[in-house]
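Here is start14.cif, consisting of mmCIF, C-alpha atoms and all ligand atoms:
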```cif
data_input
#
loop_
_atom_site.label_atom_id
_atom_site.label_comp_id
_atom_site.auth_asym_id
_atom_site.auth_seq_id
_atom_site.Cartn_x
_atom_site.Cartn_y
_atom_site.Cartn_z
CA MET A 1119 0.00 0.00 0.00
CA THR A 1120 3.05 2.25 0.16
CA GLY A 1121 2.58 5.35 -1.93
CA LEU A 1122 -1.19 5.16 -2.12
CA ILE A 1123 -1.70 8.25 0.04
CA ALA A 1124 0.82 10.20 -2.02
CA LYS A 1125 -0.84 9.05 -5.24
CA ARG A 1126 -4.26 10.18 -4.07
CA ILE A 1127 -2.91 13.57 -2.98
CA THR A 1128 -1.27 14.08 -6.38
CA GLU A 1129 -4.51 13.19 -8.15
CA ILE A 1130 -6.59 15.56 -6.01
CA ARG A 1131 -4.13 18.41 -6.49
CA GLN A 1132 -4.20 17.98 -10.26
CA GLU A 1133 -7.92 18.63 -10.35
CA LEU A 1134 -7.95 21.52 -7.85
CA PRO A 1135 -7.61 25.16 -8.86
CA PRO A 1136 -4.36 26.52 -7.35
CA HIS A 1137 -6.13 28.92 -4.95
CA VAL A 1138 -7.94 26.09 -3.11
CA ARG A 1139 -6.22 25.02 0.10
CA LEU A 1140 -6.25 21.27 0.62
CA ILE A 1141 -6.71 20.34 4.27
CA ALA A 1142 -6.11 16.70 5.18
CA VAL A 1143 -8.56 15.52 7.85
CA THR A 1144 -6.73 13.10 10.12
CA LYS A 1145 -9.30 12.03 12.71
CA GLN A 1146 -8.83 8.28 13.34
CA VAL A 1147 -5.81 8.36 11.01
CA SER A 1148 -2.44 7.09 12.25
CA VAL A 1149 0.59 9.29 12.76
CA ASP A 1150 2.37 7.18 10.15
CA ALA A 1151 -0.27 8.01 7.54
CA ILE A 1152 -0.05 11.69 8.48
CA ARG A 1153 3.70 11.53 7.83
CA GLN A 1154 3.06 10.05 4.39
CA ALA A 1155 0.75 12.94 3.53
CA TYR A 1156 3.36 15.37 4.81
CA VAL A 1157 6.06 13.83 2.61
CA ALA A 1158 3.62 14.17 -0.31
CA GLY A 1159 3.55 17.91 0.35
CA VAL A 1160 0.52 18.50 2.56
CA ARG A 1161 1.08 21.11 5.28
CA ASP A 1162 -2.52 21.71 6.44
CA PHE A 1163 -4.01 19.06 8.71
CA ALA A 1164 -7.31 18.99 10.60
CA GLU A 1165 -8.58 17.20 13.66
CA SER A 1166 -12.05 17.11 15.25
CA ARG A 1167 -11.24 16.38 18.88
CA ILE A 1168 -8.81 18.06 21.23
CA GLN A 1169 -7.61 14.95 23.01
CA GLU A 1170 -6.83 13.03 19.83
CA ALA A 1171 -5.13 16.08 18.32
CA ASP A 1172 -3.08 16.67 21.44
CA GLN A 1173 -1.58 13.17 21.30
CA LYS A 1174 -0.79 13.26 17.59
CA ILE A 1175 0.61 16.77 17.55
CA ALA A 1176 2.97 15.74 20.35
CA GLN A 1177 4.27 12.92 18.15
CA LEU A 1178 4.77 15.20 15.16
CA GLN A 1179 6.86 17.91 16.81
CA ASP A 1180 9.68 17.22 14.35
CA LEU A 1181 7.48 18.64 11.55
CA PRO A 1182 7.25 22.26 12.67
CA ASP A 1183 5.76 23.74 9.51
CA ILE A 1184 2.41 21.95 9.82
CA THR A 1185 -0.62 24.20 10.23
CA TRP A 1186 -3.26 22.54 12.41
CA HIS A 1187 -6.96 23.22 11.89
CA LEU A 1188 -9.75 22.38 14.35
CA ILE A 1189 -12.94 21.34 12.56
CA GLY A 1190 -15.05 19.75 15.34
CA HIS A 1191 -17.34 21.24 17.96
CA LEU A 1192 -15.33 22.83 20.76
CA GLN A 1193 -16.44 22.46 24.37
CA SER A 1194 -15.90 25.49 26.54
CA ASN A 1195 -13.57 23.66 28.96
CA LYS A 1196 -11.21 22.84 26.06
CA VAL A 1197 -10.96 26.32 24.58
CA LYS A 1198 -7.61 27.08 26.17
CA ARG A 1199 -5.98 23.88 24.91
CA ALA A 1200 -7.49 24.44 21.47
CA LEU A 1201 -5.82 27.84 21.30
CA GLU A 1202 -2.48 26.28 22.19
CA LEU A 1203 -2.77 23.53 19.58
CA PHE A 1204 -4.49 25.07 16.57
CA THR A 1205 -3.76 28.00 14.25
CA TRP A 1206 -7.18 27.78 12.62
CA ILE A 1207 -10.55 27.06 14.23
CA HIS A 1208 -13.20 26.40 11.56
CA SER A 1209 -15.90 25.34 13.99
CA VAL A 1210 -16.75 28.54 15.84
CA ASP A 1211 -20.46 27.86 16.07
CA SER A 1212 -21.95 30.26 18.61
CA LEU A 1213 -21.50 33.77 19.95
CA LYS A 1214 -20.82 32.36 23.40
CA LEU A 1215 -17.94 30.25 22.07
CA ALA A 1216 -16.57 33.15 20.03
CA GLN A 1217 -16.55 35.41 23.08
CA ARG A 1218 -14.85 32.80 25.24
CA LEU A 1219 -12.23 32.18 22.57
CA ASP A 1220 -11.68 35.92 22.28
CA ARG A 1221 -11.20 36.35 26.02
CA LEU A 1222 -8.76 33.44 26.38
CA ALA A 1223 -6.91 34.33 23.17
CA ALA A 1224 -6.24 37.77 24.63
CA GLU A 1225 -4.96 36.22 27.86
CA LEU A 1226 -2.67 33.86 25.95
CA SER A 1227 -1.63 36.54 23.43
CA ARG A 1228 -2.92 34.45 20.53
CA GLN A 1229 -4.72 35.58 17.41
CA PRO A 1230 -6.49 32.51 16.07
CA GLN A 1231 -7.76 32.46 12.51
CA VAL A 1232 -11.41 31.47 12.68
CA CYS A 1233 -14.35 30.57 10.49
CA LEU A 1234 -17.95 30.97 11.57
CA GLN A 1235 -19.87 27.73 11.14
CA VAL A 1236 -23.22 28.25 9.46
CA LYS A 1237 -26.19 26.08 8.59
CA LEU A 1238 -27.67 26.98 5.22
CA ALA A 1239 -29.94 23.94 5.29
CA PRO A 1240 -31.80 22.76 8.40
CA ASP A 1241 -29.78 20.09 10.19
CA PRO A 1242 -30.63 19.19 13.80
CA ASP A 1243 -27.47 17.04 14.01
CA LYS A 1244 -25.10 19.91 13.33
CA TYR A 1245 -23.88 22.90 15.28
CA GLY A 1246 -23.74 26.35 13.75
CA TRP A 1247 -25.59 29.59 13.21
CA ILE A 1248 -28.74 29.84 11.18
CA VAL A 1249 -28.63 32.92 8.98
CA PRO A 1250 -30.85 35.39 10.88
CA GLU A 1251 -29.06 34.64 14.14
CA LEU A 1252 -25.65 35.11 12.55
CA LEU A 1253 -26.70 38.46 11.09
CA ALA A 1254 -27.98 39.54 14.51
CA ASP A 1255 -24.71 38.52 16.20
CA LEU A 1256 -22.38 40.27 13.75
CA PRO A 1257 -21.78 43.42 15.82
CA GLN A 1258 -20.74 41.36 18.86
CA LEU A 1259 -18.58 39.08 16.72
CA GLU A 1260 -16.84 42.08 15.28
CA ALA A 1261 -16.05 43.20 18.81
CA CYS A 1262 -14.01 40.00 19.35
CA LYS A 1263 -10.75 41.75 18.55
CA SER A 1264 -8.43 38.84 19.32
CA LEU A 1265 -10.10 36.65 16.71
CA LYS A 1266 -9.17 36.93 13.06
CA ILE A 1267 -12.55 36.14 11.59
CA GLN A 1268 -11.63 35.02 8.08
CA GLY A 1269 -14.67 33.32 6.64
CA LEU A 1270 -17.54 30.89 6.84
CA MET A 1271 -17.54 27.12 7.27
CA THR A 1272 -20.38 24.80 6.41
CA ILE A 1273 -21.18 21.09 6.41
CA VAL A 1274 -23.90 19.83 4.08
CA PRO A 1275 -26.53 17.58 5.69
CA LEU A 1276 -26.28 13.92 4.73
CA GLY A 1277 -28.39 12.71 1.84
CA LEU A 1278 -28.95 15.92 -0.10
CA SER A 1279 -29.18 15.69 -3.88
CA ARG A 1280 -26.40 17.04 -6.06
CA SER A 1281 -28.35 20.18 -6.93
CA ASN A 1282 -29.38 20.86 -3.34
CA THR A 1283 -25.79 20.36 -2.20
CA LEU A 1284 -24.57 22.86 -4.77
CA ALA A 1285 -27.29 25.28 -3.61
CA VAL A 1286 -26.06 25.03 0.01
CA PHE A 1287 -22.53 25.91 -1.09
CA GLU A 1288 -23.68 28.77 -3.30
CA ASN A 1289 -25.87 30.15 -0.53
CA THR A 1290 -22.90 30.05 1.82
CA ARG A 1291 -20.83 32.06 -0.66
CA ASN A 1292 -23.70 34.50 -1.17
CA LEU A 1293 -24.04 34.95 2.59
CA ALA A 1294 -20.34 35.83 2.88
CA ASP A 1295 -20.70 38.30 -0.01
CA LYS A 1296 -23.74 39.87 1.63
CA ILE A 1297 -21.95 40.31 4.97
CA ASN A 1298 -18.89 41.75 3.23
CA GLN A 1299 -21.06 44.33 1.48
CA GLN A 1300 -22.88 45.47 4.61
CA ALA A 1301 -21.84 49.01 5.37
CA GLU A 1302 -22.35 48.56 9.12
CA THR A 1303 -19.86 45.67 9.53
CA ASN A 1304 -16.15 45.68 8.84
CA LEU A 1305 -15.86 41.92 8.68
CA CYS A 1306 -14.09 40.65 5.59
CA LEU A 1307 -15.04 37.02 5.03
CA GLN A 1308 -12.66 35.85 2.33
CA GLU A 1309 -12.44 32.17 3.19
CA LEU A 1310 -15.06 29.54 2.47
CA SER A 1311 -14.29 26.28 4.25
CA MET A 1312 -16.61 23.85 2.51
CA GLY A 1313 -16.44 20.52 0.77
CA MET A 1314 -15.63 17.04 2.10
CA SER A 1315 -14.79 13.79 0.31
CA ASN A 1316 -18.23 13.19 -1.13
CA ASP A 1317 -19.03 16.74 -2.23
CA TYR A 1318 -15.85 18.76 -2.70
CA PRO A 1319 -16.06 19.18 -6.51
CA LEU A 1320 -19.38 21.00 -6.00
CA ALA A 1321 -17.89 23.12 -3.22
CA VAL A 1322 -15.00 24.12 -5.46
CA GLU A 1323 -17.47 24.97 -8.23
CA ALA A 1324 -19.29 27.26 -5.76
CA GLY A 1325 -16.11 29.04 -4.67
CA ALA A 1326 -14.62 27.07 -1.77
CA THR A 1327 -11.18 28.30 -0.73
CA MET A 1328 -10.49 25.47 1.73
CA ILE A 1329 -11.64 21.87 1.33
CA ARG A 1330 -11.47 19.32 4.14
CA LEU A 1331 -10.72 15.80 2.88
CA GLY A 1332 -10.36 12.69 5.00
CA ARG A 1333 -11.44 9.48 3.27
CA THR A 1334 -10.44 10.59 -0.22
CA ILE A 1335 -6.85 10.84 0.99
CA PHE A 1336 -6.57 8.19 3.70
CA GLY A 1337 -9.30 5.69 2.81
CA GLU A 1338 -12.26 4.66 4.96
CA ARG A 1339 -11.93 5.30 8.68
CA THR A 1340 -12.00 2.30 11.01
CA PRO A 1341 -13.10 3.48 14.45
C1 LIG A 1401 -14.63 14.20 9.13
C2 LIG A 1401 -14.81 15.57 8.62
C3 LIG A 1401 -14.37 15.93 7.33
C4 LIG A 1401 -13.77 14.94 6.36
O1 LIG A 1401 -14.73 14.02 5.95
P1 LIG A 1401 -14.42 12.97 4.79
O2 LIG A 1401 -15.75 12.50 4.38
O3 LIG A 1401 -13.57 11.91 5.40
O4 LIG A 1401 -13.71 13.71 3.71
C5 LIG A 1401 -14.52 17.25 6.94
N1 LIG A 1401 -15.07 18.18 7.75
C6 LIG A 1401 -15.51 17.87 8.97
C7 LIG A 1401 -16.12 18.93 9.81
C8 LIG A 1401 -15.39 16.57 9.45
O5 LIG A 1401 -15.84 16.27 10.68
#
```
Can I see the file as structure tokens?
Amino acid sequence: MTGLIAKRITEIRQELPPHVRLIAVTKQVSVDAIRQAYVAGVRDFAESRIQEADQKIAQLQDLPDITWHLIGHLQSNKVKRALELFTWIHSVDSLKLAQRLDRLAAELSRQPQVCLQVKLAPDPDKYGWIVPELLADLPQLEACKSLKIQGLMTIVPLGLSRSNTLAVFENTRNLADKINQQAETNLCLQELSMGMSNDYPLAVEAGATMIRLGRTIFGERTP
């Protein structure tokens, strides 16, 4: 199986526009497989859980130019550790979490890059803002001066058709455009973190700037 991860990464890169950042999702993936992806040129890696990330990052200290991204729901008691481990937090999913991150980031002198997680289709299983609530929270989000709010993140509900999936991605991009045009906010949402193994071509078509791929790179996860 040697070389399979590298081969998949090469194939994905060939079909991606150069401005799209490929993030390798390594939950339930071994440190050895992460090293193979690193050798193949990947520098952006994502984890969903703090504890799992903590252990792996400790074993990868010899690769200092990795950028770690958090993509899973963050519990308030793990915010401090998350700030120590991750450069990017894609899963900022409530005002309360944003404000706690902001407060602790200031204490730790960190400036995390964050995405605001939004739900453009109803999904009771997922965290994130629905649109009217996000629009209402914008002034208080903007006041979180230790956070570098860079964009929006979304996860498409399971089982949507191709056209409905594309619509979710396009609506996410349109929401970012709308917020960027609002005279009353200074937020500049340039990043769109959207697209996973089963839907990333549609996300790229709709303007994704960061895609988060696990199984396409590493194969099926075995819990
Ligand atoms: C697991 C996960 C991914 C990657 O999913 P794959 O289907 O393995 O590509 C992307 N984003 C989030 C938020 C995830 O939890």
message: Can you pull out the residues contacting Ala1224 in chain A? Cut-off 6 Å, using only C-alpha atoms, and skip same-chain residues under 3 positions away; I want them as a PyMOL selection string.
response: chain A and resi 1221+1227+1264
query: If you count only C-alpha atoms, which residues fall within 7 Å of Val1286 in chain A, apart from same-chain ones fewer than 6 positions away, as a PyMOL selection string?
result: chain A and resi 1238-1239+1274
- prompt: Hey, which of A:Arg1228, A:Lys1198, A:Arg1280, A:His1191 ends up closest to ligand LIG 1401 (chain A)? Count only C-alpha atoms and all ligand atoms.
  reply: A:His1191
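The two atoms in question, CA of Val1232 in chain A and CA of Thr1205 in chain A, are spaced 8.5 Å apart.
Counting all atoms listed in the file, the residue from A:Leu1134, A:Glu1302, A:Pro1275, A:Thr1144 that sits nearest to ligand LIG 1401 (chain A) is A:Thr1144.
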Using all atoms listed in the file, find each protein or nucleic acid residue lying at most 12 Å from ligand LIG 1401 (chain A); present the set as a short mmCIF file (atom, residue, chain, number, x, y, z; two decimals) with C-alpha atoms, keeping the file's coordinate frame.
```cif
data_model
loop_
_atom_site.label_atom_id
_atom_site.label_comp_id
_atom_site.auth_asym_id
_atom_site.auth_seq_id
_atom_site.Cartn_x
_atom_site.Cartn_y
_atom_site.Cartn_z
CA LEU A 1140 -6.25 21.27 0.62
CA ILE A 1141 -6.71 20.34 4.27
CA ALA A 1142 -6.11 16.70 5.18
CA VAL A 1143 -8.56 15.52 7.85
CA THR A 1144 -6.73 13.10 10.12
CA LYS A 1145 -9.30 12.03 12.71
CA GLN A 1146 -8.83 8.28 13.34
CA VAL A 1147 -5.81 8.36 11.01
CA PHE A 1163 -4.01 19.06 8.71
CA ALA A 1164 -7.31 18.99 10.60
CA GLU A 1165 -8.58 17.20 13.66
CA SER A 1166 -12.05 17.11 15.25
CA ARG A 1167 -11.24 16.38 18.88
CA HIS A 1187 -6.96 23.22 11.89
CA LEU A 1188 -9.75 22.38 14.35
CA ILE A 1189 -12.94 21.34 12.56
CA GLY A 1190 -15.05 19.75 15.34
CA HIS A 1191 -17.34 21.24 17.96
CA LEU A 1192 -15.33 22.83 20.76
CA ILE A 1207 -10.55 27.06 14.23
CA HIS A 1208 -13.20 26.40 11.56
CA SER A 1209 -15.90 25.34 13.99
CA VAL A 1210 -16.75 28.54 15.84
CA ASP A 1211 -20.46 27.86 16.07
CA CYS A 1233 -14.35 30.57 10.49
CA GLN A 1235 -19.87 27.73 11.14
CA VAL A 1236 -23.22 28.25 9.46
CA LYS A 1244 -25.10 19.91 13.33
CA TYR A 1245 -23.88 22.90 15.28
CA GLY A 1246 -23.74 26.35 13.75
CA MET A 1271 -17.54 27.12 7.27
CA THR A 1272 -20.38 24.80 6.41
CA ILE A 1273 -21.18 21.09 6.41
CA VAL A 1274 -23.90 19.83 4.08
CA PRO A 1275 -26.53 17.58 5.69
CA LEU A 1276 -26.28 13.92 4.73
CA SER A 1311 -14.29 26.28 4.25
CA MET A 1312 -16.61 23.85 2.51
CA GLY A 1313 -16.44 20.52 0.77
CA MET A 1314 -15.63 17.04 2.10
CA SER A 1315 -14.79 13.79 0.31
CA ASN A 1316 -18.23 13.19 -1.13
CA ASP A 1317 -19.03 16.74 -2.23
CA TYR A 1318 -15.85 18.76 -2.70
CA PRO A 1319 -16.06 19.18 -6.51
CA MET A 1328 -10.49 25.47 1.73
CA ILE A 1329 -11.64 21.87 1.33
CA ARG A 1330 -11.47 19.32 4.14
CA LEU A 1331 -10.72 15.80 2.88
CA GLY A 1332 -10.36 12.69 5.00
CA ARG A 1333 -11.44 9.48 3.27
CA THR A 1334 -10.44 10.59 -0.22
CA ILE A 1335 -6.85 10.84 0.99
CA PHE A 1336 -6.57 8.19 3.70
CA GLY A 1337 -9.30 5.69 2.81
CA GLU A 1338 -12.26 4.66 4.96
CA ARG A 1339 -11.93 5.30 8.68
CA THR A 1340 -12.00 2.30 11.01
#
```
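Between CA of Gln1258 in chain A and CA of Ile1297 in chain A lies a distance of 14.0 Å.
With all atoms listed in the file taken into account, every residue lying no more than 12 Å from the file point (-21.9, 41.4, 16.3) is included here: Ser1212, Leu1213, Lys1214, Ala1216, Gln1217, Glu1251, Leu1252, Leu1253, Ala1254, Asp1255, Leu1256, Pro1257, Gln1258, Leu1259, Glu1260, Ala1261, Cys1262, Lys1263, Ile1267, Ile1297, Glu1302, Thr1303, Asn1304 and Leu1305 of chain A.
Taking CA of Asp1150 in chain A and CA of Leu1201 in chain A as the two end points, the separation is 24.9 Å.
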Could you produce a table of the residues of range 1200-1314 of chain A lying within 8 Å of range 1179-1186 of chain A, with the nearest pair of atoms per residue and their separation in Å rounded to one decimal, using all atoms listed in the file, ordered by chain and increasing residue number, as a tab-separated table?
```
residue	atom	partner	partner_atom	distance
A:Leu1203	CA	A:Trp1186	CA	7.3
A:Phe1204	CA	A:Trp1186	CA	5.0
A:Thr1205	CA	A:Trp1186	CA	5.8
A:Trp1206	CA	A:Trp1186	CA	6.5
```
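Compared by their closest atoms to Gln1231 in chain A, and using all atoms listed in the file, the residues A:Gln1169, A:Asn1292, A:Val1160, A:Glu1309 rank with A:Glu1309 nearest.
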